[in-house]
$ cat query.txt   # compact mmCIF, C-alpha atoms
# COMPACT_ATOMS: atom_id res chain seq x y z
CA MET U 202 -13.28 4.70 -17.43
CA ARG U 203 -13.56 8.46 -17.20
CA THR U 204 -11.15 10.53 -15.10
CA LYS U 205 -13.87 11.26 -12.55
CA ASP U 206 -14.63 7.55 -12.21
CA SER U 207 -10.93 6.76 -11.81
CA THR U 208 -10.63 9.34 -9.06
CA ARG U 209 -13.55 7.82 -7.19
CA LEU U 210 -12.10 4.34 -7.62
CA HIS U 211 -8.72 5.39 -6.27
CA LEU U 212 -10.39 7.14 -3.34
CA ALA U 213 -12.46 4.07 -2.46
CA LEU U 214 -9.45 1.75 -2.65
CA MET U 215 -7.24 4.05 -0.59
CA LEU U 216 -9.94 4.37 2.06
CA GLY U 217 -10.08 0.59 2.18
CA LEU U 218 -6.32 0.43 2.73
CA THR U 219 -6.69 3.05 5.46
CA PHE U 220 -9.01 0.64 7.26
CA THR U 221 -6.46 -2.19 7.02
CA THR U 222 -3.77 0.15 8.35
CA GLY U 223 -5.85 0.67 11.49
CA ILE U 224 -5.95 -3.10 11.96
CA ILE U 225 -2.21 -3.50 11.47
CA ASP U 226 -1.28 -0.69 13.84
CA ALA U 227 -3.59 -2.11 16.51
CA VAL U 228 -1.99 -5.52 16.04
CA GLY U 229 1.49 -3.99 16.25
CA TYR U 230 0.81 -1.93 19.35
CA LEU U 231 -1.15 -4.54 21.28
CA GLY U 232 0.54 -7.68 20.02
CA LEU U 233 4.10 -6.63 19.16
CA ASP U 234 5.22 -4.73 22.27
CA LYS U 235 3.77 -1.21 21.75
CA VAL U 236 5.15 -0.69 18.23
CA PHE U 237 3.37 1.05 15.36
CA THR U 238 4.30 -0.43 11.99
CA ALA U 239 2.47 2.22 9.95
CA ASN U 240 2.12 5.35 12.07
CA MET U 241 5.70 6.56 12.29
CA THR U 242 4.74 9.67 14.29
CA GLY U 243 3.66 7.35 17.10
CA ASN U 244 6.95 5.45 16.91
CA VAL U 245 9.04 8.61 17.04
CA VAL U 246 7.15 9.79 20.12
CA ILE U 247 7.42 6.41 21.84
CA LEU U 248 11.11 6.20 20.99
CA GLY U 249 11.76 9.69 22.33
CA MET U 250 10.07 8.90 25.64
CA ALA U 251 11.75 5.50 25.89
CA ILE U 252 15.22 7.00 25.39
CA THR U 253 14.64 9.23 28.42
CA GLY U 254 14.04 6.11 30.49
CA ALA U 255 10.25 6.15 30.64
CA GLU U 256 9.20 2.86 32.16
CA GLY U 257 7.65 0.14 30.02
CA LEU U 258 8.39 1.68 26.62
CA PRO U 259 10.41 -0.19 23.95
CA VAL U 260 13.42 1.16 22.07
CA LEU U 261 14.48 -1.57 19.67
CA GLY U 262 11.02 -2.25 18.22
CA PRO U 263 10.23 1.35 17.22
CA THR U 264 13.77 1.79 15.88
CA LEU U 265 13.44 -1.27 13.65
CA ALA U 266 9.98 -0.14 12.53
CA LEU U 267 11.31 3.28 11.55
CA GLY U 268 14.15 1.76 9.57
CA GLY U 269 11.84 -0.77 7.91
CA PHE U 270 9.29 1.87 6.96
CA LEU U 271 11.96 4.07 5.38
CA LEU U 272 13.31 1.09 3.44
CA GLY U 273 9.84 0.17 2.19
CA ALA U 274 9.09 3.75 1.16
CA ALA U 275 12.42 3.97 -0.67
CA ILE U 276 11.71 0.70 -2.52
CA GLY U 277 8.25 1.98 -3.44
CA GLY U 278 9.57 5.31 -4.64
CA ARG U 279 12.23 3.61 -6.75
CA SER U 280 9.89 1.06 -8.32
CA LEU U 281 7.20 3.63 -9.10
CA SER U 282 9.47 6.46 -10.22
CA ARG U 283 9.11 5.70 -13.92
CA SER U 284 5.48 4.59 -13.89
CA ARG U 285 2.77 6.78 -15.30
CA THR U 286 0.42 8.80 -13.13
CA GLY U 287 -2.59 6.86 -11.91
CA TRP U 288 -3.08 3.15 -11.40
CA GLY U 289 -0.61 1.15 -13.44
CA ARG U 290 1.02 -2.26 -13.34
CA ALA U 291 3.64 -0.99 -10.91
CA THR U 292 0.87 0.15 -8.57
CA THR U 293 -0.77 -3.27 -8.65
CA ALA U 294 2.58 -4.97 -8.11
CA ALA U 295 3.53 -2.79 -5.14
CA LEU U 296 0.19 -3.15 -3.37
CA THR U 297 0.02 -6.87 -4.09
CA VAL U 298 3.50 -7.46 -2.68
CA SER U 299 2.65 -5.43 0.43
CA ALA U 300 -0.64 -7.24 1.02
CA ALA U 301 0.66 -10.72 0.20
CA THR U 302 3.62 -10.22 2.54
CA THR U 303 1.32 -9.19 5.39
CA LEU U 304 -0.94 -12.18 4.74
CA SER U 305 2.07 -14.50 4.59
CA LEU U 306 3.39 -13.17 7.90
CA GLY U 307 0.01 -13.89 9.44
CA VAL U 308 0.06 -17.48 8.20
CA ILE U 309 3.64 -18.01 9.38
CA SER U 310 2.74 -16.57 12.78
CA ILE U 311 0.15 -19.31 13.24
CA PHE U 312 3.00 -21.80 13.40
CA VAL U 313 5.59 -19.46 14.96
CA PRO U 314 3.66 -17.12 17.29
CA PRO U 315 5.40 -13.81 18.09
CA VAL U 316 6.62 -13.66 21.68
CA HIS U 317 7.81 -10.48 23.38
CA GLY U 318 11.56 -9.95 23.09
CA THR U 319 12.25 -12.74 20.60
CA VAL U 320 14.16 -12.39 17.34
CA TRP U 321 11.10 -13.50 15.35
CA THR U 322 8.98 -10.73 16.84
CA TYR U 323 11.54 -8.12 15.82
CA ILE U 324 11.79 -9.61 12.33
CA LEU U 325 7.99 -9.57 12.05
CA THR U 326 7.86 -5.94 13.18
CA THR U 327 10.51 -4.88 10.68
CA ILE U 328 8.96 -6.66 7.70
CA LEU U 329 5.51 -5.28 8.51
CA ALA U 330 6.98 -1.78 8.61
CA VAL U 331 8.61 -2.36 5.21
CA THR U 332 5.23 -3.34 3.74
CA MET U 333 3.60 -0.25 5.22
CA GLY U 334 6.32 1.98 3.82
CA LEU U 335 5.78 0.41 0.39
CA GLN U 336 2.02 0.97 0.69
CA ALA U 337 2.48 4.59 1.78
CA ALA U 338 4.81 5.33 -1.14
CA THR U 339 2.28 3.81 -3.54
CA ALA U 340 -0.58 5.84 -2.08
CA ARG U 341 1.57 8.95 -2.40
CA ARG U 342 2.11 8.17 -6.08
CA LEU U 343 -1.63 7.85 -6.66
CA ALA U 344 -1.99 11.27 -5.00
CA VAL U 345 -5.53 10.94 -3.69
CA ALA U 346 -6.01 14.22 -1.81
CA ASP U 347 -6.01 13.88 2.00
CA ILE U 348 -5.63 10.09 1.91
CA THR U 349 -2.19 8.69 2.73
CA THR U 350 -3.52 5.37 4.17
CA VAL U 351 -1.07 5.50 7.10
CA VAL U 352 -1.69 8.76 9.03
CA VAL U 353 -4.67 11.01 9.69
CA THR U 354 -3.11 13.98 11.50
CA SER U 355 -2.89 16.06 8.32
CA THR U 356 -6.37 14.88 7.39
CA LEU U 357 -7.76 16.09 10.71
CA THR U 358 -5.95 19.39 10.30
CA GLY U 359 -7.51 19.93 6.88
CA PHE U 360 -10.91 18.87 8.17
CA ALA U 361 -10.85 21.50 10.92
CA ALA U 362 -8.93 24.29 9.18
CA ASP U 363 -11.04 24.15 6.01
CA SER U 364 -14.37 23.75 7.81
CA ARG U 365 -17.12 26.34 7.54
CA ILE U 366 -16.71 27.04 11.24
CA ALA U 367 -13.12 28.11 10.52
CA GLY U 368 -14.24 30.26 7.60
CA GLY U 369 -13.40 27.72 4.91
CA THR U 370 -15.47 26.01 2.25
CA GLY U 371 -15.67 22.62 3.93
CA ALA U 372 -14.18 21.02 0.82
CA ARG U 373 -13.54 17.26 0.89
CA TRP U 374 -14.94 16.95 4.41
CA ARG U 375 -16.61 13.63 3.64
CA ARG U 376 -13.43 11.84 2.57
CA ARG U 377 -11.52 13.34 5.48
CA ALA U 378 -14.15 12.19 7.94
CA LEU U 379 -14.23 8.75 6.33
CA ALA U 380 -10.45 8.39 6.56
CA VAL U 381 -10.51 9.11 10.30
CA ILE U 382 -13.52 6.87 10.91
CA LEU U 383 -11.96 4.00 8.97
CA VAL U 384 -8.68 4.17 10.89
CA LEU U 385 -10.72 4.17 14.10
CA ALA U 386 -12.82 1.26 12.87
CA GLY U 387 -9.73 -0.62 11.75
CA ALA U 388 -8.07 -0.14 15.14
CA LEU U 389 -11.24 -1.36 16.85
CA VAL U 390 -11.39 -4.46 14.65
CA GLY U 391 -7.66 -5.03 15.11
CA ALA U 392 -7.97 -4.85 18.89
CA LEU U 393 -10.76 -7.43 18.80
CA LEU U 394 -8.78 -9.72 16.49
CA VAL U 395 -5.67 -9.55 18.69
CA ARG U 396 -7.74 -11.07 21.50
CA VAL U 397 -7.83 -14.18 19.36
CA GLY U 398 -4.24 -13.79 18.22
CA VAL U 399 -1.79 -11.71 16.18
CA PRO U 400 -1.96 -14.13 13.23
CA LEU U 401 -5.69 -13.54 12.74
CA GLY U 402 -5.26 -9.76 12.69
CA LEU U 403 -2.48 -9.95 10.11
CA CYS U 404 -4.37 -12.44 7.93
CA VAL U 405 -7.52 -10.31 7.91
CA ALA U 406 -5.62 -7.08 7.13
CA GLY U 407 -3.47 -8.73 4.47
CA GLY U 408 -6.45 -10.50 2.91
CA ILE U 409 -8.51 -7.32 2.62
CA ALA U 410 -5.55 -5.37 1.21
CA LEU U 411 -4.89 -8.13 -1.35
CA VAL U 412 -8.52 -8.06 -2.51
CA LEU U 413 -8.34 -4.27 -2.88
CA ALA U 414 -5.16 -4.51 -4.96
CA LEU U 415 -6.72 -7.11 -7.26
CA VAL U 416 -9.95 -5.13 -7.61
CA GLY U 417 -7.94 -2.05 -8.58
CA HIS U 418 -6.04 -4.06 -11.17
CA LEU U 419 -9.14 -5.67 -12.67
CA LEU U 420 -10.95 -2.36 -12.96
CA ARG U 421 -7.84 -0.84 -14.54
CA GLU U 422 -7.84 -3.60 -17.16
CA THR U 423 -11.55 -3.00 -17.80
CA ARG U 424 -10.85 0.67 -18.31
CA HIS U 425 -8.18 -0.11 -20.90
CA VAL U 426 -10.47 -2.48 -22.79
CA ASP U 427 -13.22 0.12 -22.85
CA ALA U 428 -10.77 2.76 -24.08
CA GLU U 429 -9.56 0.52 -26.90
CA ALA U 430 -13.14 -0.31 -27.89
CA ALA U 431 -14.02 3.36 -28.01
CA ALA U 432 -10.98 4.09 -30.17
CA ASP U 433 -12.05 1.43 -32.68
$ encode --input "query.txt" --output "structure tokens"
Amino acid sequence: MRTKDSTRLHLALMLGLTFTTGIIDAVGYLGLDKVFTANMTGNVVILGMAITGAEGLPVLGPTLALGGFLLGAAIGGRSLSRSRTGWGRATTAALTVSAATTLSLGVISIFVPPVHGTVWTYILTTILAVTMGLQAATARRLAVADITTVVVTSTLTGFAADSRIAGGTGARWRRRALAVILVLAGALVGALLVRVGVPLGLCVAGGIALVLALVGHLLRETRHVDAEAAAD
């Protein structure tokens, strides 16, 4: 697979993960007591307001999510530190673990539904945040421009600041727009799924992410086979 093809593949897969992140954050906010498990900016803001005594805002949930996300990102950074640039076995492993964990949490939640203020809900929140931190660290390693899979603030900034209206070239506007649209679409889907239940939202997000990880791995293997054939 040529470099240009690899870049497009990575972009498509990261955009897909961005969609699943929208689902997970919607599930976290609506089903796990106003907590974001991927968007840490949102958690920091909620935590800051809650500390001042703002009514109805959680403190423990966002704190656990922040700690879990940092732990997941650290694990991802450590496990990927010696891997080569691009999609490698470590990339597949990291994304598979993240997706499979999310899917597993969804299945477990069918039998043990999360209830506000319970220990299980806090455990669920923390583990989800760990998986999102791992995913974010992996996306960072792949270094697809403007696509982090977990936040779109910087993407929106680039979209506006580099636009022709602002005197820029409008470079990469399509991927930036897609990233924002997919987070929005994911949040919309997540909100609809939560009406049925938190488990469904987690199972759908985890299932999609797992498929994306496996597709990336299979295409990587195909690329290696093609490269070896060309060398012969």
$ atom_distance --input "query.txt" --atom1 "CA of Arg209 (chain U)" --atom2 "CA of Arg290 (chain U)"
18.8 Å
$ closest_residue --input "query.txt" --among "U:Val298, U:Ile309, U:Val399, U:Ala330" --to "Thr264 (chain U)" --atoms "only C-alpha atoms"
U:Ala330
$ residues_around --input "query.txt" --residues "region 346-362 of chain U" --least-positions-apart "3" --cutoff "9 Å" --atoms "all atoms listed in the file" --output "compact mmCIF listing (two decimals) with C-alpha atoms, in the frame of the given file"
# COMPACT_ATOMS: atom_id res chain seq x y z
CA LEU U 212 -10.39 7.14 -3.34
CA MET U 215 -7.24 4.05 -0.59
CA LEU U 216 -9.94 4.37 2.06
CA GLY U 217 -10.08 0.59 2.18
CA LEU U 218 -6.32 0.43 2.73
CA THR U 219 -6.69 3.05 5.46
CA PHE U 220 -9.01 0.64 7.26
CA THR U 221 -6.46 -2.19 7.02
CA THR U 222 -3.77 0.15 8.35
CA GLY U 223 -5.85 0.67 11.49
CA ALA U 239 2.47 2.22 9.95
CA ASN U 240 2.12 5.35 12.07
CA MET U 241 5.70 6.56 12.29
CA THR U 242 4.74 9.67 14.29
CA MET U 333 3.60 -0.25 5.22
CA GLY U 334 6.32 1.98 3.82
CA GLN U 336 2.02 0.97 0.69
CA ALA U 337 2.48 4.59 1.78
CA ALA U 338 4.81 5.33 -1.14
CA ALA U 340 -0.58 5.84 -2.08
CA ARG U 341 1.57 8.95 -2.40
CA ARG U 365 -17.12 26.34 7.54
CA ILE U 366 -16.71 27.04 11.24
CA ALA U 367 -13.12 28.11 10.52
CA GLY U 368 -14.24 30.26 7.60
CA GLY U 369 -13.40 27.72 4.91
CA GLY U 371 -15.67 22.62 3.93
CA ALA U 372 -14.18 21.02 0.82
CA ARG U 373 -13.54 17.26 0.89
CA TRP U 374 -14.94 16.95 4.41
CA ARG U 375 -16.61 13.63 3.64
CA ARG U 376 -13.43 11.84 2.57
CA ARG U 377 -11.52 13.34 5.48
CA ALA U 378 -14.15 12.19 7.94
CA ALA U 380 -10.45 8.39 6.56
CA VAL U 381 -10.51 9.11 10.30
CA VAL U 384 -8.68 4.17 10.89
$ closest_residue --input "query.txt" --among "U:Val412, U:Val405, U:Leu343, U:Leu210" --to "Ser284 (chain U)" --atoms "only C-alpha atoms"
U:Leu343
$ closest_residue --input "query.txt" --among "U:Leu385, U:Val395, U:Ala301, U:Ala255" --to "Leu233 (chain U)" --atoms "all atoms listed in the file"
U:Val395
$ residues_around --input "query.txt" --residues "Gly408 (chain U)" --least-positions-apart "3" --cutoff "10 Å" --atoms "all atoms listed in the file" --output "ChimeraX atom specification"
/U:221,300-301,303-305,307,402-405,411-414
$ closest_residue --input "query.txt" --among "U:Ala344, U:Val236, U:Ile276, U:Ile382" --to "Leu258 (chain U)" --atoms "only C-alpha atoms"
U:Val236
$ closest_residue --input "query.txt" --among "U:Thr332, U:Gly278, U:Ile224, U:Gly254" --to "Gly387 (chain U)" --atoms "only C-alpha atoms"
U:Ile224
$ build_atoms --input "query.txt" --residues "region 240-254 of chain U" --atoms "N, CA and C atoms" --output "compact mmCIF listing (two decimals), in the frame of the given file"
# COMPACT_ATOMS: atom_id res chain seq x y z
N ASN U 240 2.13 3.98 11.57
CA ASN U 240 2.12 5.35 12.07
C ASN U 240 3.48 5.71 12.66
N MET U 241 4.34 6.27 11.85
CA MET U 241 5.70 6.56 12.29
C MET U 241 5.76 7.71 13.29
N THR U 242 4.78 8.60 13.27
CA THR U 242 4.74 9.67 14.29
C THR U 242 4.66 9.05 15.68
N GLY U 243 3.79 8.04 15.81
CA GLY U 243 3.66 7.35 17.10
C GLY U 243 4.96 6.71 17.53
N ASN U 244 5.67 6.09 16.57
CA ASN U 244 6.95 5.45 16.91
C ASN U 244 8.00 6.46 17.36
N VAL U 245 8.06 7.59 16.68
CA VAL U 245 9.04 8.61 17.04
C VAL U 245 8.77 9.12 18.46
N VAL U 246 7.50 9.33 18.78
CA VAL U 246 7.15 9.79 20.12
C VAL U 246 7.49 8.74 21.17
N ILE U 247 7.12 7.49 20.91
CA ILE U 247 7.42 6.41 21.84
C ILE U 247 8.92 6.28 22.03
N LEU U 248 9.66 6.34 20.93
CA LEU U 248 11.11 6.20 20.99
C LEU U 248 11.72 7.34 21.80
N GLY U 249 11.25 8.55 21.58
CA GLY U 249 11.76 9.69 22.33
C GLY U 249 11.55 9.54 23.82
N MET U 250 10.36 9.09 24.22
CA MET U 250 10.07 8.90 25.64
C MET U 250 10.87 7.73 26.21
N ALA U 251 11.02 6.67 25.41
CA ALA U 251 11.75 5.50 25.89
C ALA U 251 13.23 5.82 26.12
N ILE U 252 13.80 6.64 25.26
CA ILE U 252 15.22 7.00 25.39
C ILE U 252 15.48 7.74 26.70
N THR U 253 14.48 8.50 27.15
CA THR U 253 14.64 9.23 28.42
C THR U 253 14.52 8.32 29.63
N GLY U 254 14.16 7.06 29.39
CA GLY U 254 14.04 6.11 30.49
C GLY U 254 12.63 5.90 30.98
